[in-house]
Structures are given as C-alpha cells and as structure tokens.
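Visitor: So that you have it, the file is model-v9.txt, and it contains compact mmCIF, C-alpha atoms (C1' of nucleotides):
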# COMPACT_ATOMS: atom_id res chain seq x y z
CA MET A 1 123.65 90.46 88.10
CA ALA A 2 120.73 90.30 85.82
CA PHE A 3 120.30 91.76 82.39
CA ALA A 4 117.51 94.03 83.63
CA ASP A 5 119.89 95.69 86.09
CA THR A 6 122.14 96.66 83.22
CA PHE A 7 119.38 98.61 81.53
CA LYS A 8 118.40 100.15 84.82
CA ALA A 9 121.99 101.18 85.40
CA LEU A 10 122.18 102.79 81.96
CA SER A 11 118.97 104.74 82.53
CA ASP A 12 120.61 107.43 84.65
CA PRO A 13 122.55 110.27 83.01
CA VAL A 14 125.15 110.43 85.77
CA ARG A 15 125.92 106.75 85.36
CA ARG A 16 126.16 107.05 81.59
CA GLU A 17 128.59 109.91 82.02
CA ILE A 18 130.67 107.85 84.44
CA LEU A 19 130.92 105.13 81.80
CA MET A 20 131.99 107.69 79.23
CA LEU A 21 134.72 108.87 81.60
CA LEU A 22 135.98 105.32 81.93
CA ARG A 23 136.05 104.73 78.20
CA HIS A 24 139.75 105.35 77.87
CA GLY A 25 140.97 103.81 81.08
CA ARG A 26 140.52 103.43 84.77
CA MET A 27 139.91 106.22 87.22
CA SER A 28 139.76 106.48 91.00
CA ALA A 29 136.46 107.08 92.77
CA GLY A 30 137.66 110.54 93.76
CA GLU A 31 138.65 111.53 90.26
CA ILE A 32 135.31 110.35 88.91
CA GLY A 33 133.58 112.35 91.60
CA SER A 34 135.48 115.51 90.72
CA HIS A 35 133.65 115.56 87.40
CA PHE A 36 130.27 115.94 89.10
CA ASP A 37 128.61 118.50 91.28
CA MET A 38 127.53 116.04 93.97
CA THR A 39 128.95 114.49 97.11
CA GLY A 40 131.33 111.58 97.07
CA ALA A 41 128.69 109.53 98.82
CA THR A 42 126.30 109.99 95.94
CA VAL A 43 128.96 109.13 93.40
CA SER A 44 129.72 106.01 95.41
CA TYR A 45 126.03 105.10 95.24
CA HIS A 46 126.11 105.32 91.44
CA LEU A 47 129.37 103.40 91.20
CA ASN A 48 127.81 100.64 93.23
CA ILE A 49 124.86 100.38 90.86
CA LEU A 50 127.20 100.19 87.87
CA LYS A 51 129.28 97.58 89.67
CA LYS A 52 126.26 95.42 90.50
CA ALA A 53 125.23 95.63 86.86
CA GLU A 54 128.77 94.49 86.00
CA LEU A 55 129.26 97.48 83.75
CA ILE A 56 132.36 98.38 85.76
CA TYR A 57 134.75 96.61 88.10
CA GLU A 58 137.03 97.87 90.81
CA GLU A 59 140.64 97.41 91.82
CA LYS A 60 141.79 98.55 95.25
CA GLU A 61 145.25 100.03 95.49
CA LYS A 62 146.65 101.83 98.50
CA ASN A 63 143.79 103.89 99.80
CA TYR A 64 142.29 104.34 96.34
CA VAL A 65 139.65 102.40 94.50
CA PHE A 66 140.08 102.41 90.75
CA TYR A 67 137.17 101.70 88.46
CA SER A 68 137.25 100.37 84.91
CA MET A 69 134.61 99.63 82.35
CA ASN A 70 133.58 96.09 81.47
CA ALA A 71 132.95 96.14 77.74
CA SER A 72 131.50 92.65 77.51
CA VAL A 73 128.27 93.61 79.24
CA VAL A 74 127.89 96.47 76.78
CA GLU A 75 128.07 93.84 74.06
CA GLU A 76 125.20 91.93 75.64
CA ILE A 77 123.01 94.99 75.57
CA MET A 78 123.87 95.59 71.94
CA LEU A 79 122.89 92.04 71.19
CA TRP A 80 119.50 92.52 72.77
CA LEU A 81 119.03 95.68 70.74
CA SER A 82 120.05 93.87 67.56
CA GLU A 83 117.36 91.32 68.17
CA LEU A 84 114.88 94.07 68.72
CA ARG A 85 115.84 95.91 65.59
CA GLY A 86 116.12 93.17 63.14
CA GLY A 87 115.30 89.74 64.48
CA ASP A 88 118.24 87.33 64.44
CA LYS A 89 121.68 88.76 65.12
CA HIS A 90 123.13 86.64 62.34
CA GLU A 91 120.72 88.05 59.81
CA GLU A 92 122.13 89.10 56.45
CA GLN A 93 122.89 92.74 55.93
CA LYS A 94 119.61 94.34 55.02
CA ILE A 95 119.58 96.05 51.62
CA ASP A 96 117.40 99.13 51.40
CA GLN A 97 115.02 99.19 48.44
CA MET B 1 112.15 113.55 72.73
CA ALA B 2 115.61 113.38 74.14
CA PHE B 3 118.10 110.59 74.02
CA ALA B 4 117.97 110.21 77.79
CA ASP B 5 114.26 109.39 77.62
CA THR B 6 115.03 106.49 75.35
CA PHE B 7 117.28 104.88 77.93
CA LYS B 8 114.73 105.59 80.63
CA ALA B 9 112.04 103.97 78.50
CA LEU B 10 114.19 100.89 77.98
CA SER B 11 114.88 100.56 81.70
CA ASP B 12 111.51 98.96 82.50
CA PRO B 13 110.94 95.24 81.84
CA VAL B 14 107.31 95.72 80.82
CA ARG B 15 108.31 98.25 78.20
CA ARG B 16 111.08 96.06 76.86
CA GLU B 17 108.60 93.23 76.54
CA ILE B 18 106.16 95.49 74.70
CA LEU B 19 108.92 96.28 72.22
CA MET B 20 109.63 92.60 71.77
CA LEU B 21 105.94 92.02 71.05
CA LEU B 22 106.04 94.69 68.37
CA ARG B 23 109.14 93.29 66.72
CA HIS B 24 107.25 91.51 63.98
CA GLY B 25 104.49 94.00 63.34
CA ARG B 26 101.94 96.32 64.81
CA MET B 27 99.49 95.45 67.57
CA SER B 28 96.51 97.21 69.14
CA ALA B 29 96.71 98.59 72.67
CA GLY B 30 94.26 95.94 73.80
CA GLU B 31 96.20 93.07 72.30
CA ILE B 32 99.42 94.34 73.86
CA GLY B 33 97.62 94.59 77.19
CA SER B 34 96.37 91.01 76.98
CA HIS B 35 99.99 89.84 77.29
CA PHE B 36 100.33 91.38 80.73
CA ASP B 37 98.75 90.92 84.11
CA MET B 38 97.95 94.58 84.65
CA THR B 39 95.16 96.98 83.85
CA GLY B 40 94.75 98.63 80.47
CA ALA B 41 95.38 101.95 82.13
CA THR B 42 98.81 100.84 83.25
CA VAL B 43 99.65 99.47 79.83
CA SER B 44 98.55 102.78 78.35
CA TYR B 45 100.93 104.55 80.72
CA HIS B 46 103.83 102.42 79.47
CA LEU B 47 102.84 102.89 75.83
CA ASN B 48 102.88 106.61 76.38
CA ILE B 49 106.41 106.52 77.74
CA LEU B 50 107.58 104.47 74.76
CA LYS B 51 105.81 106.86 72.42
CA LYS B 52 107.40 109.94 73.99
CA ALA B 53 110.78 108.25 73.64
CA GLU B 54 109.89 107.68 69.97
CA LEU B 55 110.53 103.98 70.33
CA ILE B 56 107.01 103.33 69.04
CA TYR B 57 104.40 105.23 67.06
CA GLU B 58 100.65 104.90 66.85
CA GLU B 59 98.05 104.69 64.10
CA LYS B 60 94.40 105.17 64.98
CA GLU B 61 91.90 103.07 63.09
CA LYS B 62 88.23 102.71 63.96
CA ASN B 63 88.16 102.58 67.71
CA TYR B 64 91.54 100.89 67.93
CA VAL B 65 95.00 102.32 68.37
CA PHE B 66 97.73 100.29 66.72
CA TYR B 67 101.31 100.56 67.86
CA SER B 68 104.47 99.83 65.88
CA MET B 69 108.13 99.94 66.70
CA ASN B 70 110.43 102.66 65.43
CA ALA B 71 113.71 100.92 64.66
CA SER B 72 115.70 104.08 63.96
CA VAL B 73 115.76 105.14 67.59
CA VAL B 74 117.08 101.71 68.49
CA GLU B 75 119.92 102.40 66.07
CA GLU B 76 120.78 105.60 67.92
CA ILE B 77 121.11 103.73 71.18
CA MET B 78 123.33 101.16 69.54
CA LEU B 79 125.49 103.94 68.26
CA TRP B 80 125.92 105.35 71.72
CA LEU B 81 126.85 101.90 72.99
CA SER B 82 129.36 101.47 70.16
CA GLU B 83 131.08 104.65 71.22
CA LEU B 84 131.16 103.41 74.76
CA ARG B 85 132.58 100.06 73.84
CA GLY B 86 135.19 100.98 71.39
CA GLY B 87 135.63 104.67 70.86
CA ASP B 88 134.81 105.79 67.30
CA LYS B 89 132.02 103.95 65.53
CA HIS B 90 134.10 103.86 62.35
CA GLU B 91 136.95 102.15 64.13
CA GLU B 92 138.57 99.19 62.35
CA GLN B 93 137.40 95.73 63.27
CA LYS B 94 139.34 94.81 66.38
CA ILE B 95 141.48 91.71 66.01
CA ASP B 96 141.76 89.60 69.15
CA GLN B 97 145.35 88.69 70.12
C1' DC C 1 149.96 104.34 116.99
C1' DA C 2 147.99 109.04 115.59
C1' DG C 3 146.51 111.83 112.01
C1' DG C 4 145.31 112.24 107.35
C1' DT C 5 143.26 110.99 102.93
C1' DA C 6 139.91 108.15 100.19
C1' DT C 7 135.87 105.84 100.02
C1' DT C 8 131.67 103.61 101.61
C1' DT C 9 127.65 102.92 104.66
C1' DA C 10 123.54 104.45 107.26
C1' DG C 11 119.69 107.07 107.84
C1' DA C 12 116.72 110.61 106.30
C1' DT C 13 114.23 113.11 102.79
C1' DA C 14 112.43 114.72 98.40
C1' DA C 15 111.22 113.46 93.95
C1' DA C 16 110.06 110.18 90.44
C1' DT C 17 107.93 105.86 89.06
C1' DT C 18 104.56 102.27 88.76
C1' DT C 19 100.30 100.74 89.69
C1' DC C 20 95.34 100.83 90.66
C1' DT C 21 90.31 102.44 90.39
C1' DA C 22 87.10 105.40 88.51
C1' DA C 23 85.86 108.48 85.15
C1' DA C 24 86.29 110.56 80.66
C1' DT C 25 86.98 110.30 75.43
C1' DA C 26 86.46 108.55 71.17
C1' DC C 27 84.71 106.02 67.79
C1' DT C 28 81.29 102.44 65.81
C1' DT C 29 77.07 100.46 64.82
C1' DG C 30 72.29 99.20 65.33
C1' DC D 1 71.11 109.05 69.02
C1' DA D 2 71.94 105.14 72.43
C1' DA D 3 74.71 101.46 73.76
C1' DG D 4 78.90 99.18 73.38
C1' DT D 5 83.89 98.57 72.81
C1' DA D 6 88.67 100.46 73.06
C1' DT D 7 91.66 103.44 75.02
C1' DT D 8 93.30 107.28 77.74
C1' DT D 9 93.28 110.57 81.63
C1' DA D 10 93.03 111.87 86.56
C1' DG D 11 93.87 111.16 91.13
C1' DA D 12 95.67 108.47 94.80
C1' DA D 13 98.76 105.14 97.03
C1' DA D 14 102.89 102.30 97.38
C1' DT D 15 107.45 101.73 96.01
C1' DT D 16 111.83 102.99 94.22
C1' DT D 17 115.42 106.24 93.27
C1' DA D 18 118.70 109.98 93.91
C1' DT D 19 120.53 112.90 96.98
C1' DC D 20 122.40 114.83 101.31
C1' DT D 21 124.80 114.86 106.00
C1' DA D 22 127.14 112.43 109.36
C1' DA D 23 129.53 108.57 110.73
C1' DA D 24 132.21 104.48 109.83
C1' DT D 25 136.04 101.88 107.32
C1' DA D 26 140.20 101.31 105.32
C1' DC D 27 144.62 102.24 104.34
C1' DC D 28 148.92 104.93 104.46
C1' DT D 29 152.72 107.55 106.53
C1' DG D 30 155.35 109.96 109.85
Please express the file's structure as structure tokens.
Guide:
Amino acid sequence: MAFADTFKALSDPVRREILMLLRHGRMSAGEIGSHFDMTGATVSYHLNILKKAELIYEEKEKNYVFYSMNASVVEEIMLWLSELRGGDKHEEQKIDQ
Amino acid sequence: MAFADTFKALSDPVRREILMLLRHGRMSAGEIGSHFDMTGATVSYHLNILKKAELIYEEKEKNYVFYSMNASVVEEIMLWLSELRGGDKHEEQKIDQ
DNA sequence: CAGGTATTTAGATAAATTTCTAAATACTTG
DNA sequence: CAAGTATTTAGAAATTTATCTAAATACCTG
C-alpha cells in the first residue's frame, strides 16, 4: 500500500497503541483486543488498516490470528521525516553554533 | 498542542506537501496556496491545523502572513518512531547477521 | 458432525474531516 | 479615509472515519 496510508494509519491513537503492544513480539487479535475498551469487531477494523498500511502482518495458527509489527515501513516514515527536517538523509551531522 | 495532533496533522497529503514547501524557508499563505488547486480558505484551514500541531509557526508582516517549519516537533515524532522500531532510543547500533 | 472459540464482515450510525462560498478582518497606500 | 490586497472565519455540504450490533467464517475438538 501507499506511503500516504502509513501516515493515515499512524494518525489514530488506538492504532499507535496497537503498534506499541506489538513492539516486543507478536500477539493474537484477541489479546490485542483485551487491552482496549471496544468490541473485537472494532479492533479488527483497526488491525486491517494497519495491515493494509503494511505496518503489521498476520500469521494464522489454529483458530488464532497472530499479528506482528513490520519495522521496515517504520523506517520509511523516518526517512521521510529526515528529509523534512534536514534535507538529504545523508547530510553531515549538523553542528549547533 | 498534544503529540497526537502532530500525527493527525501529518496524516493529510496536502499538509505534508505544505511542510515540504517550507523545508527551505518561509513562505506567505498566498504563495503556499498557489501550489494547490484549492481555495485560500481551505489552505488556511490546513495551515491552522499545522500551526496547532506546532509543526509550523507564523510571522505577520505588512498584510502578509509568513509560515515556517518547526523542526523540533518533527524530532519528537522521529523519537516516537525510534521507540517503536527498536525499543530504547539509546540502543546500540544493531548489527545485521 | 456438533458445539465452541476466535476473528472478520456487513450494515447502520454518529462524529470528524475536508472542501466550498460568502463574508469578515486586517493591514497598506494613495 | 477609501479602495485594494491578503488572509481568516463562518456556515453548509459531501465524504470519510470510528464505532456498534448482529451475522458470517474459520478452525478445532470431543
């Protein structure tokens, strides 16, 4: 999916919290949901947005779906922000003063 | 304004493009608007969102309003993304393999 | 296969977002 | 001060987003 979808996906606090939950490893849809005060259907909706943005991926096992973070897309966003902040990403370290 | 507003502000393509325009220096509201196919009122709406997110600031001069980027808030977002990607921001450089 | 658990899909609704037009501000300059 | 230029504000409309309930899938296990 497109770059723009990644930003859109990151714009919601629930989705950012989901990513934070996945920081240290995969988690089933149900376990992710148990961290929020909303229905499983709504959590599934958010997971789908993160998945389409390729910020997470899923692995089906038994009757569970496990989700994991995809760090490489996070890198892309950081790259865009680097460009914004300082111009070229290969720029020399900027010395203050 | 809050951190969450920054992500929200970055989620719109028009606003990201405005930031890119401001990368190399300030620009008046009118000049920013001339880069888009939308009314000045709509551009003003987007500028306001960026301003509330503290991604830009304004300087009024004569009957112009000049906008500039605020790089420090971009840094904050990058920090959040670093945490997401790798855990602690002071983590050692990760060696592949 | 029947019943149970986990998750997603569909459809509806409320709220938020983006955009426009028209009007209002604000400042400048003759 | 009057007229002009630049920008913002207000109000309305269209679209998108986030959420719920209910139903559908999917898979597992006795």
Visitor: Since chain B and chain A share a sequence, can you fit the second onto the first over all C-alpha atoms in order and output it as an mmCIF file with C-alpha atoms, in the frame of the given file?
Guide:
data_model
loop_
_atom_site.group_PDB
_atom_site.id
_atom_site.type_symbol
_atom_site.label_atom_id
_atom_site.label_comp_id
_atom_site.auth_asym_id
_atom_site.auth_seq_id
_atom_site.Cartn_x
_atom_site.Cartn_y
_atom_site.Cartn_z
ATOM 1 C CA MET A 1 112.193 113.519 72.743
ATOM 2 C CA ALA A 2 115.610 113.362 74.176
ATOM 3 C CA PHE A 3 118.119 110.574 74.060
ATOM 4 C CA ALA A 4 117.966 110.186 77.841
ATOM 5 C CA ASP A 5 114.253 109.377 77.655
ATOM 6 C CA THR A 6 115.026 106.475 75.369
ATOM 7 C CA PHE A 7 117.266 104.858 77.947
ATOM 8 C CA LYS A 8 114.738 105.560 80.643
ATOM 9 C CA ALA A 9 112.047 103.955 78.528
ATOM 10 C CA LEU A 10 114.187 100.857 77.995
ATOM 11 C CA SER A 11 114.883 100.514 81.714
ATOM 12 C CA ASP A 12 111.532 98.917 82.514
ATOM 13 C CA PRO A 13 110.946 95.212 81.845
ATOM 14 C CA VAL A 14 107.323 95.705 80.832
ATOM 15 C CA ARG A 15 108.321 98.254 78.223
ATOM 16 C CA ARG A 16 111.083 96.037 76.873
ATOM 17 C CA GLU A 17 108.592 93.215 76.548
ATOM 18 C CA ILE A 18 106.173 95.491 74.706
ATOM 19 C CA LEU A 19 108.929 96.290 72.217
ATOM 20 C CA MET A 20 109.628 92.600 71.770
ATOM 21 C CA LEU A 21 105.940 92.031 71.034
ATOM 22 C CA LEU A 22 106.053 94.703 68.361
ATOM 23 C CA ARG A 23 109.137 93.278 66.710
ATOM 24 C CA HIS A 24 107.228 91.513 63.986
ATOM 25 C CA GLY A 25 104.492 94.021 63.361
ATOM 26 C CA ARG A 26 101.931 96.325 64.807
ATOM 27 C CA MET A 27 99.497 95.480 67.550
ATOM 28 C CA SER A 28 96.514 97.222 69.115
ATOM 29 C CA ALA A 29 96.710 98.606 72.640
ATOM 30 C CA GLY A 30 94.260 95.945 73.784
ATOM 31 C CA GLU A 31 96.201 93.082 72.284
ATOM 32 C CA ILE A 32 99.410 94.346 73.857
ATOM 33 C CA GLY A 33 97.622 94.595 77.170
ATOM 34 C CA SER A 34 96.363 91.026 76.958
ATOM 35 C CA HIS A 35 99.954 89.851 77.275
ATOM 36 C CA PHE A 36 100.313 91.402 80.728
ATOM 37 C CA ASP A 37 98.725 90.918 84.090
ATOM 38 C CA MET A 38 97.907 94.591 84.637
ATOM 39 C CA THR A 39 95.122 97.012 83.824
ATOM 40 C CA GLY A 40 94.736 98.647 80.461
ATOM 41 C CA ALA A 41 95.377 101.974 82.119
ATOM 42 C CA THR A 42 98.800 100.855 83.238
ATOM 43 C CA VAL A 43 99.633 99.482 79.819
ATOM 44 C CA SER A 44 98.560 102.802 78.342
ATOM 45 C CA TYR A 45 100.944 104.547 80.739
ATOM 46 C CA HIS A 46 103.839 102.427 79.465
ATOM 47 C CA LEU A 47 102.846 102.897 75.837
ATOM 48 C CA ASN A 48 102.896 106.622 76.381
ATOM 49 C CA ILE A 49 106.429 106.510 77.756
ATOM 50 C CA LEU A 50 107.591 104.462 74.772
ATOM 51 C CA LYS A 51 105.824 106.871 72.437
ATOM 52 C CA LYS A 52 107.429 109.935 74.020
ATOM 53 C CA ALA A 53 110.796 108.233 73.674
ATOM 54 C CA GLU A 54 109.912 107.675 70.003
ATOM 55 C CA LEU A 55 110.542 103.969 70.343
ATOM 56 C CA ILE A 56 107.023 103.336 69.048
ATOM 57 C CA TYR A 57 104.415 105.245 67.080
ATOM 58 C CA GLU A 58 100.677 104.916 66.857
ATOM 59 C CA GLU A 59 98.077 104.730 64.125
ATOM 60 C CA LYS A 60 94.412 105.196 64.985
ATOM 61 C CA GLU A 61 91.927 103.093 63.082
ATOM 62 C CA LYS A 62 88.265 102.738 63.932
ATOM 63 C CA ASN A 63 88.164 102.570 67.684
ATOM 64 C CA TYR A 64 91.570 100.903 67.893
ATOM 65 C CA VAL A 65 95.015 102.329 68.359
ATOM 66 C CA PHE A 66 97.744 100.301 66.720
ATOM 67 C CA TYR A 67 101.326 100.583 67.864
ATOM 68 C CA SER A 68 104.481 99.845 65.894
ATOM 69 C CA MET A 69 108.140 99.935 66.716
ATOM 70 C CA ASN A 70 110.435 102.666 65.436
ATOM 71 C CA ALA A 71 113.706 100.930 64.661
ATOM 72 C CA SER A 72 115.698 104.073 63.964
ATOM 73 C CA VAL A 73 115.781 105.124 67.602
ATOM 74 C CA VAL A 74 117.083 101.676 68.491
ATOM 75 C CA GLU A 75 119.914 102.382 66.075
ATOM 76 C CA GLU A 76 120.771 105.578 67.927
ATOM 77 C CA ILE A 77 121.097 103.710 71.178
ATOM 78 C CA MET A 78 123.326 101.137 69.539
ATOM 79 C CA LEU A 79 125.495 103.927 68.260
ATOM 80 C CA TRP A 80 125.924 105.339 71.730
ATOM 81 C CA LEU A 81 126.846 101.891 72.991
ATOM 82 C CA SER A 82 129.346 101.452 70.165
ATOM 83 C CA GLU A 83 131.063 104.624 71.215
ATOM 84 C CA LEU A 84 131.146 103.406 74.754
ATOM 85 C CA ARG A 85 132.560 100.050 73.836
ATOM 86 C CA GLY A 86 135.156 100.952 71.379
ATOM 87 C CA GLY A 87 135.552 104.653 70.761
ATOM 88 C CA ASP A 88 134.717 105.716 67.207
ATOM 89 C CA LYS A 89 131.910 103.881 65.449
ATOM 90 C CA HIS A 90 133.955 103.767 62.266
ATOM 91 C CA GLU A 91 136.831 102.061 64.002
ATOM 92 C CA GLU A 92 138.418 99.096 62.250
ATOM 93 C CA GLN A 93 137.345 95.657 63.306
ATOM 94 C CA LYS A 94 139.351 94.871 66.389
ATOM 95 C CA ILE A 95 141.548 91.777 66.094
ATOM 96 C CA ASP A 96 141.981 89.814 69.295
ATOM 97 C CA GLN A 97 145.580 88.976 70.176
#
Visitor: Check every residue of chain B for an atom within 8 Å of chain C, counting only C-alpha atoms (C1' of nucleotides), and provide those that qualify as a VMD selection string.
Guide: chain B and resid 39 42 62 to 63
Visitor: Take atom CA of B:Glu58 and atom CA of B:Leu79 and report the distance between them in Å, one decimal.
Guide: 24.9 Å
Visitor: Would you list the contacts of A:Phe7 as a VMD selection string, taking every protein, DNA or RNA residue within 8 Å and counting all atoms listed in the file, but skipping same-chain residues closer than 3 positions in sequence?
Guide: (chain A and resid 3 to 4 10 to 11 77) or (chain B and resid 7 10 to 12)
Visitor: Rounded to one decimal in Å, what is the spacing between atom CA of B:His46 and atom CA of B:Val14?
Guide: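 Distance reported for this atom pair: 7.7 Å.
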Visitor: Could you produce a table of the residues of chain D lying within 10 Å of chain A, with the nearest pair of atoms per residue and their separation in Å rounded to one decimal, using only C-alpha atoms (C1' of nucleotides), ordered by chain and increasing residue number, as a Markdown table?
Guide:
| residue | atom | partner | partner_atom | distance |
| --- | --- | --- | --- | --- |
| D:DA18 | C1' | A:Thr42 | CA | 7.9 |
| D:DT19 | C1' | A:Thr42 | CA | 6.5 |
| D:DC20 | C1' | A:Thr39 | CA | 7.8 |
| D:DT21 | C1' | A:Ala41 | CA | 9.8 |
| D:DA26 | C1' | A:Asn63 | CA | 7.1 |
| D:DC27 | C1' | A:Asn63 | CA | 4.9 |
| D:DC28 | C1' | A:Asn63 | CA | 7.0 |
